[in-house]
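coords-v1.cif follows (mmCIF, C-alpha atoms and all ligand atoms):
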```cif
data_input
loop_
_atom_site.label_atom_id
_atom_site.label_comp_id
_atom_site.auth_asym_id
_atom_site.auth_seq_id
_atom_site.Cartn_x
_atom_site.Cartn_y
_atom_site.Cartn_z
CA MET A 1 20.94 -16.29 14.84
CA LYS A 2 17.59 -15.16 13.41
CA ASN A 3 14.84 -16.83 11.41
CA PHE A 4 14.54 -15.99 7.70
CA PHE A 5 12.36 -17.12 4.82
CA ALA A 6 13.27 -16.80 1.13
CA SER A 7 10.36 -17.16 -1.29
CA CYS A 8 10.57 -18.32 -4.91
CA PRO A 9 8.23 -19.36 -7.75
CA ARG A 10 6.73 -22.76 -6.94
CA GLY A 11 8.77 -25.68 -8.28
CA LEU A 12 12.09 -23.88 -7.76
CA GLU A 13 12.44 -24.71 -4.05
CA GLU A 14 15.11 -27.42 -4.57
CA LEU A 15 17.14 -25.11 -6.81
CA LEU A 16 16.85 -22.33 -4.22
CA LEU A 17 18.03 -24.77 -1.54
CA LYS A 18 21.02 -25.68 -3.71
CA GLU A 19 21.81 -22.02 -4.33
CA SER A 20 21.69 -21.36 -0.56
CA GLU A 21 24.24 -24.12 0.26
CA HIS A 22 27.13 -21.74 -0.32
CA TYR A 23 25.96 -19.59 2.65
CA ASN A 24 26.08 -22.33 5.33
CA PHE A 25 22.65 -21.50 6.72
CA ASP A 26 21.42 -23.47 9.74
CA HIS A 27 18.15 -25.41 10.04
CA VAL A 28 17.38 -25.03 6.34
CA GLU A 29 13.98 -26.42 5.52
CA ILE A 30 12.07 -26.50 2.24
CA THR A 31 8.46 -25.32 2.37
CA ARG A 32 5.91 -24.70 -0.38
CA GLY A 33 7.22 -21.70 -2.31
CA GLY A 34 10.51 -21.17 -0.49
CA ILE A 35 13.01 -22.10 2.20
CA ASN A 36 13.18 -21.31 5.92
CA PHE A 37 16.62 -20.89 7.46
CA LYS A 38 18.50 -19.48 10.43
CA THR A 39 21.60 -17.34 10.12
CA ASN A 40 23.08 -14.01 11.15
CA SER A 41 21.77 -10.81 9.59
CA LEU A 42 24.86 -10.05 7.48
CA ASN A 43 24.86 -13.51 5.90
CA ALA A 44 21.13 -13.17 5.08
CA ILE A 45 21.78 -9.76 3.49
CA ASN A 46 24.66 -11.26 1.50
CA PHE A 47 22.26 -13.91 0.20
CA LEU A 48 19.64 -11.26 -0.63
CA LEU A 49 22.19 -9.39 -2.75
CA GLU A 50 23.41 -12.48 -4.61
CA THR A 51 20.43 -14.80 -5.01
CA ARG A 52 19.30 -15.28 -8.61
CA ILE A 53 16.31 -17.46 -7.67
CA ALA A 54 14.59 -15.97 -4.59
CA SER A 55 11.67 -13.58 -5.12
CA ARG A 56 11.96 -12.00 -1.68
CA VAL A 57 13.91 -12.52 1.56
CA TYR A 58 12.04 -12.02 4.86
CA LYS A 59 13.32 -11.62 8.43
CA GLU A 60 11.09 -12.78 11.27
CA VAL A 61 10.49 -10.02 13.84
CA GLY A 62 7.75 -11.42 16.09
CA THR A 63 5.35 -14.30 16.72
CA PHE A 64 2.17 -14.77 18.73
CA GLU A 65 -0.39 -17.53 19.29
CA PHE A 66 -4.17 -17.19 19.40
CA LYS A 67 -7.27 -19.34 19.47
CA ASN A 68 -9.56 -17.47 17.07
CA ASP A 69 -9.94 -14.07 15.37
CA LYS A 70 -11.58 -12.53 18.46
CA LYS A 71 -8.44 -13.29 20.47
CA MET A 72 -5.98 -12.14 17.83
CA LEU A 73 -5.80 -8.43 18.72
CA GLU A 74 -4.84 -9.14 22.34
CA ALA A 75 -2.24 -11.76 21.30
CA ALA A 76 -0.68 -9.59 18.58
CA SER A 77 -0.30 -6.74 21.07
CA GLU A 78 2.27 -8.89 22.92
CA VAL A 79 4.69 -8.28 20.03
CA PRO A 80 7.11 -5.52 21.18
CA TRP A 81 6.11 -3.14 18.39
CA GLN A 82 7.95 -0.18 19.86
CA LYS A 83 11.23 -2.08 19.56
CA ILE A 84 10.48 -2.87 15.92
CA LEU A 85 9.43 0.53 14.53
CA ASN A 86 9.11 4.20 15.54
CA ALA A 87 5.94 6.27 15.88
CA THR A 88 6.89 8.37 12.84
CA ASP A 89 7.57 5.39 10.54
CA THR A 90 5.37 3.99 7.75
CA PHE A 91 4.27 0.38 7.25
CA LYS A 92 2.13 -1.97 5.21
CA ILE A 93 0.83 -5.45 6.08
CA THR A 94 0.27 -8.37 3.72
CA CYS A 95 -1.37 -11.42 5.28
CA VAL A 96 -0.90 -14.97 3.98
CA LEU A 97 -2.78 -17.98 5.30
CA SER A 98 -1.54 -21.57 5.33
CA ARG A 99 -3.97 -24.10 3.84
CA ASP A 100 -5.32 -25.02 7.32
CA ALA A 101 -5.56 -21.39 8.45
CA ASN A 102 -7.44 -20.59 5.24
CA LYS A 103 -10.17 -23.08 6.23
CA GLU A 104 -10.59 -21.34 9.59
CA PHE A 105 -10.29 -17.66 8.66
CA ARG A 106 -10.76 -17.13 4.89
CA ASN A 107 -10.56 -13.31 5.11
CA SER A 108 -6.86 -12.47 5.21
CA HIS A 109 -7.57 -8.76 4.71
CA TYR A 110 -9.49 -8.64 7.99
CA LEU A 111 -6.56 -10.28 9.82
CA SER A 112 -4.12 -7.71 8.44
CA LEU A 113 -6.44 -4.96 9.76
CA VAL A 114 -6.38 -6.57 13.21
CA LEU A 115 -2.58 -6.60 13.12
CA LYS A 116 -2.58 -2.97 12.04
CA ASP A 117 -4.83 -2.12 15.01
CA SER A 118 -2.47 -3.89 17.39
CA ILE A 119 0.45 -1.77 16.12
CA VAL A 120 -1.50 1.49 16.18
CA ASP A 121 -3.07 0.86 19.64
CA THR A 122 0.34 0.08 21.17
CA PHE A 123 1.68 3.47 20.07
CA LYS A 124 -1.49 5.38 20.94
CA LYS A 125 -1.28 4.13 24.53
CA THR A 126 2.13 5.70 25.08
CA SER A 127 2.42 8.64 22.68
CA GLY A 128 0.25 10.96 20.66
CA THR A 129 1.75 9.88 17.34
CA ARG A 130 1.45 6.51 15.62
CA PRO A 131 3.07 4.90 12.58
CA SER A 132 1.02 5.38 9.43
CA ILE A 133 0.13 3.19 6.49
CA ASP A 134 1.97 3.62 3.19
CA LEU A 135 0.88 1.10 0.58
CA ASP A 136 3.37 2.20 -2.11
CA ASN A 137 6.69 2.71 -0.41
CA PRO A 138 6.50 1.64 3.25
CA MET A 139 9.60 1.63 5.47
CA TYR A 140 8.28 -1.60 7.02
CA PRO A 141 6.70 -4.01 4.49
CA PHE A 142 5.36 -6.55 7.04
CA VAL A 143 4.13 -9.98 6.09
CA LEU A 144 1.87 -11.79 8.53
CA ARG A 145 1.75 -15.56 8.00
CA ILE A 146 -0.87 -17.52 9.89
CA GLU A 147 -0.58 -21.28 10.38
CA PRO A 148 -1.54 -23.87 13.02
CA ASN A 149 0.92 -23.94 15.96
CA SER A 150 3.13 -27.00 16.53
CA LYS A 151 0.57 -28.65 18.87
CA GLY A 152 -2.25 -27.99 16.42
CA ASN A 153 -4.51 -26.55 19.16
CA MET A 154 -4.06 -22.84 18.31
CA PHE A 155 -2.92 -20.62 15.45
CA LYS A 156 0.45 -18.97 15.17
CA GLY A 157 1.02 -15.53 13.64
CA ILE A 158 4.53 -14.99 12.28
CA VAL A 159 5.39 -11.37 11.52
CA SER A 160 8.26 -10.84 9.07
CA LEU A 161 9.82 -7.95 7.20
CA ASP A 162 10.48 -7.98 3.46
CA LEU A 163 14.12 -6.95 3.56
CA ALA A 164 14.68 -5.59 0.05
CA GLY A 165 11.24 -3.94 -0.16
CA TYR A 166 10.83 -4.90 -3.84
CA PRO A 167 10.53 -8.24 -5.68
CA LEU A 168 14.09 -9.39 -6.35
CA ASN A 169 13.17 -10.57 -9.84
CA LYS A 170 12.91 -6.89 -10.77
CA ARG A 171 16.58 -6.47 -11.54
CA GLY A 172 15.94 -3.06 -13.13
CA TYR A 173 16.94 -3.80 -16.74
CA ARG A 174 13.56 -4.71 -18.21
CA PRO A 175 11.99 -2.07 -20.43
CA PHE A 176 8.23 -1.79 -20.49
CA GLY A 177 6.52 -3.30 -23.51
CA HIS A 178 6.90 -7.05 -24.13
CA GLN A 179 3.65 -8.97 -23.82
CA ALA A 180 4.87 -12.25 -22.38
CA PRO A 181 8.26 -11.98 -20.69
CA ILE A 182 9.31 -14.71 -18.31
CA LYS A 183 10.23 -13.50 -14.80
CA GLU A 184 13.94 -12.81 -14.41
CA ASN A 185 14.48 -15.15 -11.43
CA LEU A 186 12.57 -17.93 -13.17
CA ALA A 187 14.69 -17.52 -16.32
CA ALA A 188 17.88 -17.61 -14.22
CA ALA A 189 16.73 -20.74 -12.38
CA LEU A 190 15.85 -22.49 -15.64
CA VAL A 191 19.25 -21.68 -17.16
CA MET A 192 20.89 -22.98 -13.96
CA SER A 193 18.81 -26.17 -14.10
CA THR A 194 20.15 -27.10 -17.56
CA GLY A 195 23.69 -27.77 -16.32
CA TRP A 196 25.02 -25.32 -18.96
CA ASP A 197 28.84 -25.47 -18.82
CA LYS A 198 29.01 -21.70 -19.58
CA GLN A 199 31.90 -22.07 -22.05
CA VAL A 200 29.58 -22.72 -24.99
CA PRO A 201 27.37 -20.03 -26.55
CA LEU A 202 23.72 -19.70 -25.65
CA TYR A 203 20.92 -19.34 -28.20
CA ASP A 204 17.29 -18.28 -27.83
CA PRO A 205 15.31 -18.60 -31.11
CA PHE A 206 12.10 -17.02 -29.66
CA CYS A 207 13.93 -14.59 -27.41
CA GLY A 208 11.28 -11.87 -26.92
CA SER A 209 12.81 -9.24 -24.64
CA GLY A 210 15.79 -11.54 -24.01
CA THR A 211 15.38 -12.56 -20.37
CA PHE A 212 17.18 -15.92 -20.83
CA LEU A 213 20.07 -14.23 -22.64
CA ILE A 214 20.53 -11.51 -20.02
CA GLU A 215 20.22 -13.83 -17.02
CA ALA A 216 22.66 -16.28 -18.67
CA ALA A 217 25.09 -13.42 -19.30
CA LEU A 218 24.91 -12.40 -15.61
CA ILE A 219 25.47 -16.01 -14.52
CA ARG A 220 28.33 -16.65 -16.98
CA HIS A 221 30.20 -13.50 -15.93
CA GLN A 222 29.40 -13.56 -12.20
CA ILE A 223 27.51 -10.28 -12.21
CA VAL A 224 25.22 -10.00 -9.18
CA PRO A 225 21.50 -9.71 -10.04
CA THR A 226 21.38 -6.62 -7.79
CA TYR A 227 24.08 -4.90 -9.86
CA LEU A 228 21.85 -1.98 -10.93
CA LYS A 229 20.44 -1.62 -7.40
CA LEU A 230 23.97 -1.52 -5.98
CA GLN A 231 24.91 1.15 -8.51
CA ALA A 232 21.84 3.18 -7.49
CA ARG A 233 22.82 2.68 -3.85
CA ALA A 234 26.29 4.07 -4.52
CA GLU A 235 24.40 7.20 -5.59
CA GLY A 236 22.21 7.41 -2.51
CA ALA A 237 19.33 4.90 -2.97
CA ARG A 238 18.70 2.46 -0.08
CA PHE A 239 17.36 -1.08 0.34
CA ALA A 240 14.30 -1.17 2.63
CA PHE A 241 16.18 -2.91 5.46
CA GLU A 242 18.75 -0.11 5.70
CA THR A 243 16.21 2.28 7.25
CA GLN A 244 14.65 -0.38 9.49
CA LYS A 245 15.25 -0.16 13.22
CA TRP A 246 16.80 -3.63 13.65
CA PHE A 247 19.48 -2.81 11.03
CA GLN A 248 20.15 0.62 12.46
CA LYS A 249 20.73 -1.01 15.85
CA GLU A 250 23.10 -3.71 14.52
CA THR A 251 25.93 -1.21 14.05
CA THR A 252 28.62 -3.91 13.93
CA ILE A 253 27.43 -5.09 10.52
CA HIS A 254 27.35 -1.65 8.87
CA GLY A 255 31.06 -1.64 7.93
CA PRO A 256 31.08 -5.23 6.59
CA PHE A 257 27.87 -4.49 4.65
CA GLU A 258 29.45 -1.41 2.99
CA ASN A 259 32.50 -3.51 2.08
CA LEU A 260 30.30 -6.24 0.67
CA CYS A 261 28.41 -3.77 -1.56
CA LYS A 262 31.72 -2.40 -2.87
CA GLU A 263 33.15 -5.88 -3.43
CA LEU A 264 30.07 -7.02 -5.39
CA LEU A 265 30.25 -3.92 -7.59
CA VAL A 266 33.94 -4.53 -8.31
CA ARG A 267 33.23 -8.18 -9.12
CA ALA A 268 30.40 -7.15 -11.47
CA LYS A 269 32.61 -4.60 -13.22
CA ASN A 270 35.34 -7.23 -13.67
CA GLY A 271 32.66 -9.57 -15.03
CA ILE A 272 31.66 -6.97 -17.59
CA GLU A 273 35.31 -6.67 -18.68
CA SER A 274 35.50 -10.43 -19.23
CA PHE A 275 32.85 -10.73 -22.00
CA GLY A 276 33.97 -12.34 -25.26
CA ILE A 277 32.61 -11.93 -28.78
CA ALA A 278 29.27 -13.49 -29.76
CA GLU A 279 28.61 -15.49 -26.59
CA PHE A 280 24.84 -14.87 -26.63
CA HIS A 281 22.51 -15.16 -29.63
CA GLY A 282 18.91 -13.97 -29.73
CA ASN A 283 16.30 -14.19 -32.45
CA ASP A 284 12.66 -13.09 -32.61
CA LYS A 285 10.56 -12.56 -35.69
CA HIS A 286 9.27 -9.26 -34.26
CA SER A 287 11.83 -6.49 -34.51
CA LYS A 288 10.16 -4.70 -31.56
CA SER A 289 11.19 -7.61 -29.30
CA ILE A 290 14.79 -7.33 -30.47
CA GLU A 291 14.71 -3.58 -29.77
CA LEU A 292 13.54 -4.36 -26.22
CA LEU A 293 16.32 -6.93 -25.81
CA MET A 294 18.96 -4.44 -26.97
CA GLU A 295 17.59 -1.77 -24.67
CA ALA A 296 17.66 -4.15 -21.67
CA TRP A 297 21.17 -5.38 -22.58
CA SER A 298 22.44 -1.82 -22.67
CA THR A 299 20.58 -0.78 -19.47
CA MET A 300 22.37 -3.65 -17.73
CA GLY A 301 25.67 -2.27 -19.05
CA LEU A 302 26.57 -5.48 -20.93
CA PRO A 303 29.04 -5.31 -23.84
CA ARG A 304 27.35 -5.18 -27.23
CA LYS A 305 30.10 -7.27 -28.88
CA SER A 306 28.93 -10.34 -26.99
CA LEU A 307 25.36 -10.27 -28.33
CA ARG A 308 24.23 -11.37 -31.81
CA VAL A 309 20.63 -10.67 -32.81
CA SER A 310 18.40 -11.43 -35.79
CA THR A 311 14.75 -11.10 -36.75
CA LEU A 312 14.14 -14.34 -38.66
CA ASP A 313 11.42 -16.91 -38.38
CA ALA A 314 12.85 -19.32 -35.75
CA LEU A 315 12.34 -22.14 -38.26
CA LYS A 316 14.92 -20.54 -40.54
CA TRP A 317 17.44 -19.53 -37.90
CA LYS A 318 20.64 -21.57 -37.66
CA PRO A 319 23.77 -21.50 -35.50
CA GLN A 320 26.89 -19.89 -36.92
CA GLU A 321 28.46 -22.31 -39.41
CA ASP A 322 31.67 -22.90 -37.49
CA LEU A 323 29.80 -23.86 -34.30
CA SER A 324 28.87 -27.42 -33.53
CA ASN A 325 27.79 -27.15 -29.90
CA GLY A 326 26.02 -24.79 -27.54
CA LEU A 327 22.89 -24.43 -25.49
CA VAL A 328 19.48 -23.59 -26.93
CA ILE A 329 16.96 -22.43 -24.32
CA THR A 330 13.68 -20.89 -25.32
CA ASN A 331 10.11 -20.10 -24.45
CA PRO A 332 8.10 -20.35 -27.70
CA PRO A 333 4.71 -18.65 -27.91
CA TYR A 334 2.09 -20.67 -26.05
CA GLY A 335 -1.17 -19.03 -26.92
CA ILE A 336 -2.67 -17.97 -23.63
CA ARG A 337 -1.20 -14.52 -23.34
CA LEU A 338 -0.18 -13.98 -26.95
CA GLY A 339 -3.58 -15.02 -28.34
CA GLU A 340 -2.29 -17.15 -31.23
CA LYS A 341 -4.43 -19.78 -32.92
CA ASP A 342 -4.02 -23.36 -31.67
CA GLU A 343 -3.52 -25.06 -35.05
CA GLN A 344 -0.87 -22.57 -36.02
CA LEU A 345 0.91 -23.13 -32.75
CA GLU A 346 0.74 -26.93 -33.11
CA GLU A 347 2.31 -26.60 -36.55
CA LEU A 348 4.97 -24.24 -35.18
CA TYR A 349 5.93 -26.69 -32.38
CA TYR A 350 6.10 -29.60 -34.83
CA GLU A 351 8.24 -27.64 -37.29
CA PHE A 352 10.46 -26.27 -34.54
CA GLY A 353 11.17 -29.85 -33.35
CA GLU A 354 12.18 -30.73 -36.94
CA THR A 355 14.34 -27.59 -37.17
CA LEU A 356 16.18 -28.58 -34.01
CA LYS A 357 16.73 -32.09 -35.40
CA ASN A 358 18.08 -30.83 -38.73
CA ASN A 359 19.91 -27.59 -37.98
CA TRP A 360 21.11 -27.86 -34.40
CA LYS A 361 22.96 -31.21 -34.29
CA GLY A 362 25.43 -31.38 -31.39
CA PHE A 363 23.51 -28.80 -29.30
CA SER A 364 21.61 -29.32 -26.04
CA SER A 365 18.19 -27.78 -26.22
CA PHE A 366 15.56 -26.85 -23.65
CA ILE A 367 12.03 -25.72 -24.37
CA VAL A 368 9.59 -24.16 -21.90
CA SER A 369 6.16 -25.63 -22.41
CA GLN A 370 2.94 -25.22 -20.48
CA ASP A 371 0.64 -27.04 -22.85
CA SER A 372 0.76 -30.83 -23.18
CA SER A 373 -0.91 -30.86 -26.61
CA LEU A 374 1.76 -28.49 -27.95
CA ARG A 375 4.70 -30.36 -26.43
CA LYS A 376 3.46 -33.64 -27.94
CA LYS A 377 3.92 -32.11 -31.40
CA ILE A 378 7.68 -32.09 -30.93
CA SER A 379 8.86 -35.44 -32.29
CA LEU A 380 12.12 -35.60 -30.35
CA LYS A 381 12.99 -37.86 -27.41
CA THR A 382 13.06 -35.86 -24.18
CA SER A 383 16.24 -36.26 -22.15
CA SER A 384 14.98 -34.30 -19.10
CA ARG A 385 11.82 -32.77 -17.64
CA PHE A 386 11.55 -30.12 -14.97
CA SER A 387 8.17 -28.93 -13.63
CA PHE A 388 7.59 -25.45 -12.21
CA PHE A 389 4.97 -22.70 -12.06
CA ASN A 390 5.06 -19.49 -14.09
CA GLY A 391 2.53 -17.52 -12.01
CA ALA A 392 -0.50 -19.81 -11.92
CA LEU A 393 0.53 -21.74 -15.07
CA GLU A 394 2.05 -25.17 -14.56
CA CYS A 395 4.95 -25.43 -17.00
CA ARG A 396 7.75 -27.82 -17.91
CA LEU A 397 11.25 -27.30 -19.13
CA LEU A 398 11.85 -30.16 -21.56
CA GLY A 399 15.42 -31.09 -22.49
CA TYR A 400 16.42 -32.68 -25.83
CA ASP A 401 19.90 -33.88 -26.84
CA LEU A 402 20.37 -33.32 -30.56
CA PHE A 403 22.65 -35.90 -32.18
C1 LIG B 501 6.68 -16.29 -24.93
S1 LIG B 501 7.49 -15.07 -25.87
C2 LIG B 501 9.17 -15.20 -25.32
C3 LIG B 501 9.38 -14.35 -24.10
C4 LIG B 501 10.83 -14.24 -23.70
N1 LIG B 501 11.32 -15.45 -23.05
C5 LIG B 501 11.03 -13.03 -22.79
O1 LIG B 501 11.43 -13.22 -21.64
O2 LIG B 501 10.71 -11.91 -23.19
C6 LIG B 501 7.57 -15.79 -27.47
C7 LIG B 501 8.24 -14.92 -28.52
O3 LIG B 501 8.27 -15.65 -29.74
C8 LIG B 501 8.17 -14.74 -30.83
N2 LIG B 501 7.75 -15.52 -32.02
C9 LIG B 501 6.53 -16.03 -32.28
N3 LIG B 501 6.59 -16.79 -33.41
C10 LIG B 501 7.87 -16.76 -33.86
C11 LIG B 501 8.56 -17.35 -34.94
N4 LIG B 501 7.93 -18.15 -35.80
N5 LIG B 501 9.87 -17.11 -35.07
C12 LIG B 501 10.53 -16.31 -34.20
N6 LIG B 501 9.93 -15.70 -33.14
C13 LIG B 501 8.63 -15.93 -32.97
C14 LIG B 501 7.18 -13.70 -30.33
O4 LIG B 501 7.41 -12.46 -30.99
C15 LIG B 501 7.51 -13.63 -28.83
O5 LIG B 501 8.39 -12.54 -28.57
#
```
Take the structure I supplied and represent it as structure tokens, if you would.
Ligand SMILES: C[S@@+](CC[C@H](N)C(=O)[O-])C[C@H]1O[C@@H](n2cnc3c(N)ncnc32)[C@H](O)[C@@H]1O
Amino acid sequence: MKNFFASCPRGLEELLLKESEHYNFDHVEITRGGINFKTNSLNAINFLLETRIASRVYKEVGTFEFKNDKKMLEAASEVPWQKILNATDTFKITCVLSRDANKEFRNSHYLSLVLKDSIVDTFKKTSGTRPSIDLDNPMYPFVLRIEPNSKGNMFKGIVSLDLAGYPLNKRGYRPFGHQAPIKENLAAALVMSTGWDKQVPLYDPFCGSGTFLIEAALIRHQIVPTYLKLQARAEGARFAFETQKWFQKETTIHGPFENLCKELLVRAKNGIESFGIAEFHGNDKHSKSIELLMEAWSTMGLPRKSLRVSTLDALKWKPQEDLSNGLVITNPPYGIRLGEKDEQLEELYYEFGETLKNNWKGFSSFIVSQDSSLRKKISLKTSSRFSFFNGALECRLLGYDLF
């Protein structure tokens, strides 16, 4: 059993914990921005391939304790670096400090340089070659976390490897070009938080590039978020962990891992076969946004028959006449990144609340809001509130039942 950490946008930790329950991890513990857990490597990889909420999954490869920065080099050199990587490999180090460690050290860049020196010195002592730095595509994306040790009398350095080697929110379907898309894993988590029963259609009146619609489609039809990565892998691409020494040594999991990749691809392909007509509805007044949505939908390989799009003002958009229930989930413009005027936005939020009341009776609706003065303009009674961070912005997902 090894130690792992899965990170996520702040506020989603409980949802990530719930998502992880299916994997029977041991010693699961919520921390700020993620969960720690123990499990075997194959189970952690399975989670990495299927998680819709985690941003990254890390495997711990070494720890050391030290009193202050002058003592760090010596302590870090105790890590058996030669068992972790080879002299010809490439690596990169990102250092994160806990709140207490930040008070003591402040300069995380300096600490990552010390760790780099400890790796390089270890190799130089025994061979002429040494692993080199690659900031863009390293074989070993190390993360060094520094925090007080359990007794509180020293600091602990925890060295982990980012297993996928890319942020898991980057599913691979998003075209370049929309100004304010919501991150894919955040959109998936928000859809999951609504309790959507998946049998009713889903509507996004301010859909932009369609992240809610696509993530909901993947959830509804049990398509793994790594579907495009697994397809690329079938053609020769590799996840970062596959070239790492620990994975190469664990030969017993290679067969089960290959089978898992195949099984997830088959499941995704079956999911794609199971789409019905007009399950997902997107609207945005800018036709460019709708073009981006359609491009992403097609990149993901999702059936066109299941998507309905329009380019109306959201205040004029209505559900299909024969439908009396469904889920509305949306992220209206909020000014900061899109640069709209405040009064116009206040009016838009007020009118959108009225539109929901009048045109969407019988629907459940959820609005992402990061601005309290805008959300107060919606004159509907909130049935639920969920707080989370979108980058540095504190946001809420507000639920309204429309009778
Ligand atoms: C914050 S963005 C939505 C981002 C989206 N969730 C995504 O992931 O790409 C808000 C969107 O609302 C659209 N919009 C602004 N005012 C609108 C209106 N009155 N009716 C319809 N769409 C509008 C903008 O074009 C923009 O794409």
Quick one: which chain A residues come within 6 Å of ligand LIG 501 (chain B), and what is the nearest atom pair for each with the distance in Å to one decimal, counting all atoms listed in the file, rows ordered by chain and ascending number, as JSON lines?
```
{"residue": "A:Ala180", "atom": "CA", "partner": "B:LIG501", "partner_atom": "C1", "distance": 5.1}
{"residue": "A:Pro181", "atom": "CA", "partner": "B:LIG501", "partner_atom": "O2", "distance": 3.5}
{"residue": "A:Ile182", "atom": "CA", "partner": "B:LIG501", "partner_atom": "O1", "distance": 4.2}
{"residue": "A:Phe206", "atom": "CA", "partner": "B:LIG501", "partner_atom": "O3", "distance": 4.1}
{"residue": "A:Cys207", "atom": "CA", "partner": "B:LIG501", "partner_atom": "C4", "distance": 4.8}
{"residue": "A:Gly208", "atom": "CA", "partner": "B:LIG501", "partner_atom": "O5", "distance": 3.4}
{"residue": "A:Ser209", "atom": "CA", "partner": "B:LIG501", "partner_atom": "O2", "distance": 3.7}
{"residue": "A:Gly210", "atom": "CA", "partner": "B:LIG501", "partner_atom": "C5", "distance": 5.1}
{"residue": "A:Thr211", "atom": "CA", "partner": "B:LIG501", "partner_atom": "O1", "distance": 4.2}
{"residue": "A:Asp284", "atom": "CA", "partner": "B:LIG501", "partner_atom": "N6", "distance": 3.8}
{"residue": "A:Lys285", "atom": "CA", "partner": "B:LIG501", "partner_atom": "C12", "distance": 4.0}
{"residue": "A:His286", "atom": "CA", "partner": "B:LIG501", "partner_atom": "O4", "distance": 4.9}
{"residue": "A:Ser289", "atom": "CA", "partner": "B:LIG501", "partner_atom": "O5", "distance": 5.7}
{"residue": "A:Asp313", "atom": "CA", "partner": "B:LIG501", "partner_atom": "N5", "distance": 3.7}
{"residue": "A:Ala314", "atom": "CA", "partner": "B:LIG501", "partner_atom": "N5", "distance": 3.8}
{"residue": "A:Asn331", "atom": "CA", "partner": "B:LIG501", "partner_atom": "N1", "distance": 5.0}
{"residue": "A:Pro332", "atom": "CA", "partner": "B:LIG501", "partner_atom": "C6", "distance": 4.6}
{"residue": "A:Pro333", "atom": "CA", "partner": "B:LIG501", "partner_atom": "C6", "distance": 4.1}
```
Those same residues - C-alpha atoms - I'd like them written as a compact mmCIF listing (two decimals), keeping the file's coordinate frame.
```txt
# COMPACT_ATOMS: atom_id res chain seq x y z
CA ALA A 180 4.87 -12.25 -22.38
CA PRO A 181 8.26 -11.98 -20.69
CA ILE A 182 9.31 -14.71 -18.31
CA PHE A 206 12.10 -17.02 -29.66
CA CYS A 207 13.93 -14.59 -27.41
CA GLY A 208 11.28 -11.87 -26.92
CA SER A 209 12.81 -9.24 -24.64
CA GLY A 210 15.79 -11.54 -24.01
CA THR A 211 15.38 -12.56 -20.37
CA ASP A 284 12.66 -13.09 -32.61
CA LYS A 285 10.56 -12.56 -35.69
CA HIS A 286 9.27 -9.26 -34.26
CA SER A 289 11.19 -7.61 -29.30
CA ASP A 313 11.42 -16.91 -38.38
CA ALA A 314 12.85 -19.32 -35.75
CA ASN A 331 10.11 -20.10 -24.45
CA PRO A 332 8.10 -20.35 -27.70
CA PRO A 333 4.71 -18.65 -27.91
```
> Got a sec: who's within 8 Å of segment 27-39 of chain A, counting only C-alpha atoms, leaving out chain neighbours fewer than 4 positions off, as a PyMOL selection string?
Replying inline: chain A and resi 1-14+16-17+43-44+54
> Within 10 Å of (-10.4, -13.1, 13.8), all atoms listed in the file: residues as number ranges by chain?
Replying inline: A: 66-73, 104-108, 110-114
> How many Å lie between atom CA of Thr299 of chain A and atom CA of Glu184 of chain A, rounded to one decimal?
Replying inline: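 Between atom CA of Thr299 of chain A and atom CA of Glu184 of chain A the gap works out to 14.6 Å.
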> Near Trp81 of chain A, counting all atoms listed in the file, which residues have an atom at most 8 Å away, once you skip same-chain residues fewer than 4 positions from it, shown as a ChimeraX atom specification?
Replying inline: /A:77,85,119,122
So which residues touch Ala101 of chain A within 7 Å, counting all atoms listed in the file, skipping near sequence neighbours fewer than 6 positions away, as a short mmCIF file (atom, residue, chain, number, x, y, z; two decimals) with C-alpha atoms, in the coordinates of the input?
```
data_model
loop_
_atom_site.label_atom_id
_atom_site.label_comp_id
_atom_site.auth_asym_id
_atom_site.auth_seq_id
_atom_site.Cartn_x
_atom_site.Cartn_y
_atom_site.Cartn_z
CA ILE A 146 -0.87 -17.52 9.89
CA GLU A 147 -0.58 -21.28 10.38
CA PRO A 148 -1.54 -23.87 13.02
#
```
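Reported to one decimal place, the separation of atom CA of Tyr349 of chain A from atom CA of Leu398 of chain A is 12.8 Å.
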>> Please list as a PyMOL selection string every residue within 10 Å of Trp246 of chain A, counting all atoms listed in the file and excluding residues in the same chain fewer than 2 positions away.
In response: chain A and resi 41+61+83-85+241-244+248-251
> What lies within 9 Å of Gly362 of chain A using only C-alpha atoms, ignoring chain neighbours under 5 positions off, as a PyMOL selection string?
Replying inline: chain A and resi 324-326+401-403
Would you export the selected residues with C-alpha atoms as a CSV table (one decimal), in the frame of the given file, please?
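The resulting file, part.csv, is shown below:
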```csv
chain,number,residue,atom,x,y,z
A,324,SER,CA,28.9,-27.4,-33.5
A,325,ASN,CA,27.8,-27.2,-29.9
A,326,GLY,CA,26.0,-24.8,-27.5
A,401,ASP,CA,19.9,-33.9,-26.8
A,402,LEU,CA,20.4,-33.3,-30.6
A,403,PHE,CA,22.6,-35.9,-32.2
```
> Between atom CA of Tyr203 of chain A and atom CA of Phe275 of chain A, what is the distance, to one decimal in Å?
Replying inline: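 One can read the atom CA of Tyr203 of chain A to atom CA of Phe275 of chain A distance as 16.0 Å.
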>> Ranking A:Asn390, A:Asn46, A:Asn259, A:Ser193 by minimum distance to Leu163 of chain A and counting all atoms listed in the file, which one comes first?
In response: A:Asn46
> With distances taken over only C-alpha atoms, which of A:Thr194, A:Asp371, A:Met294, A:Arg145 is nearest to Arg385 of chain A?
Replying inline: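 Ranking A:Thr194, A:Asp371, A:Met294, A:Arg145 by distance to Arg385 of chain A, first place goes to A:Thr194.
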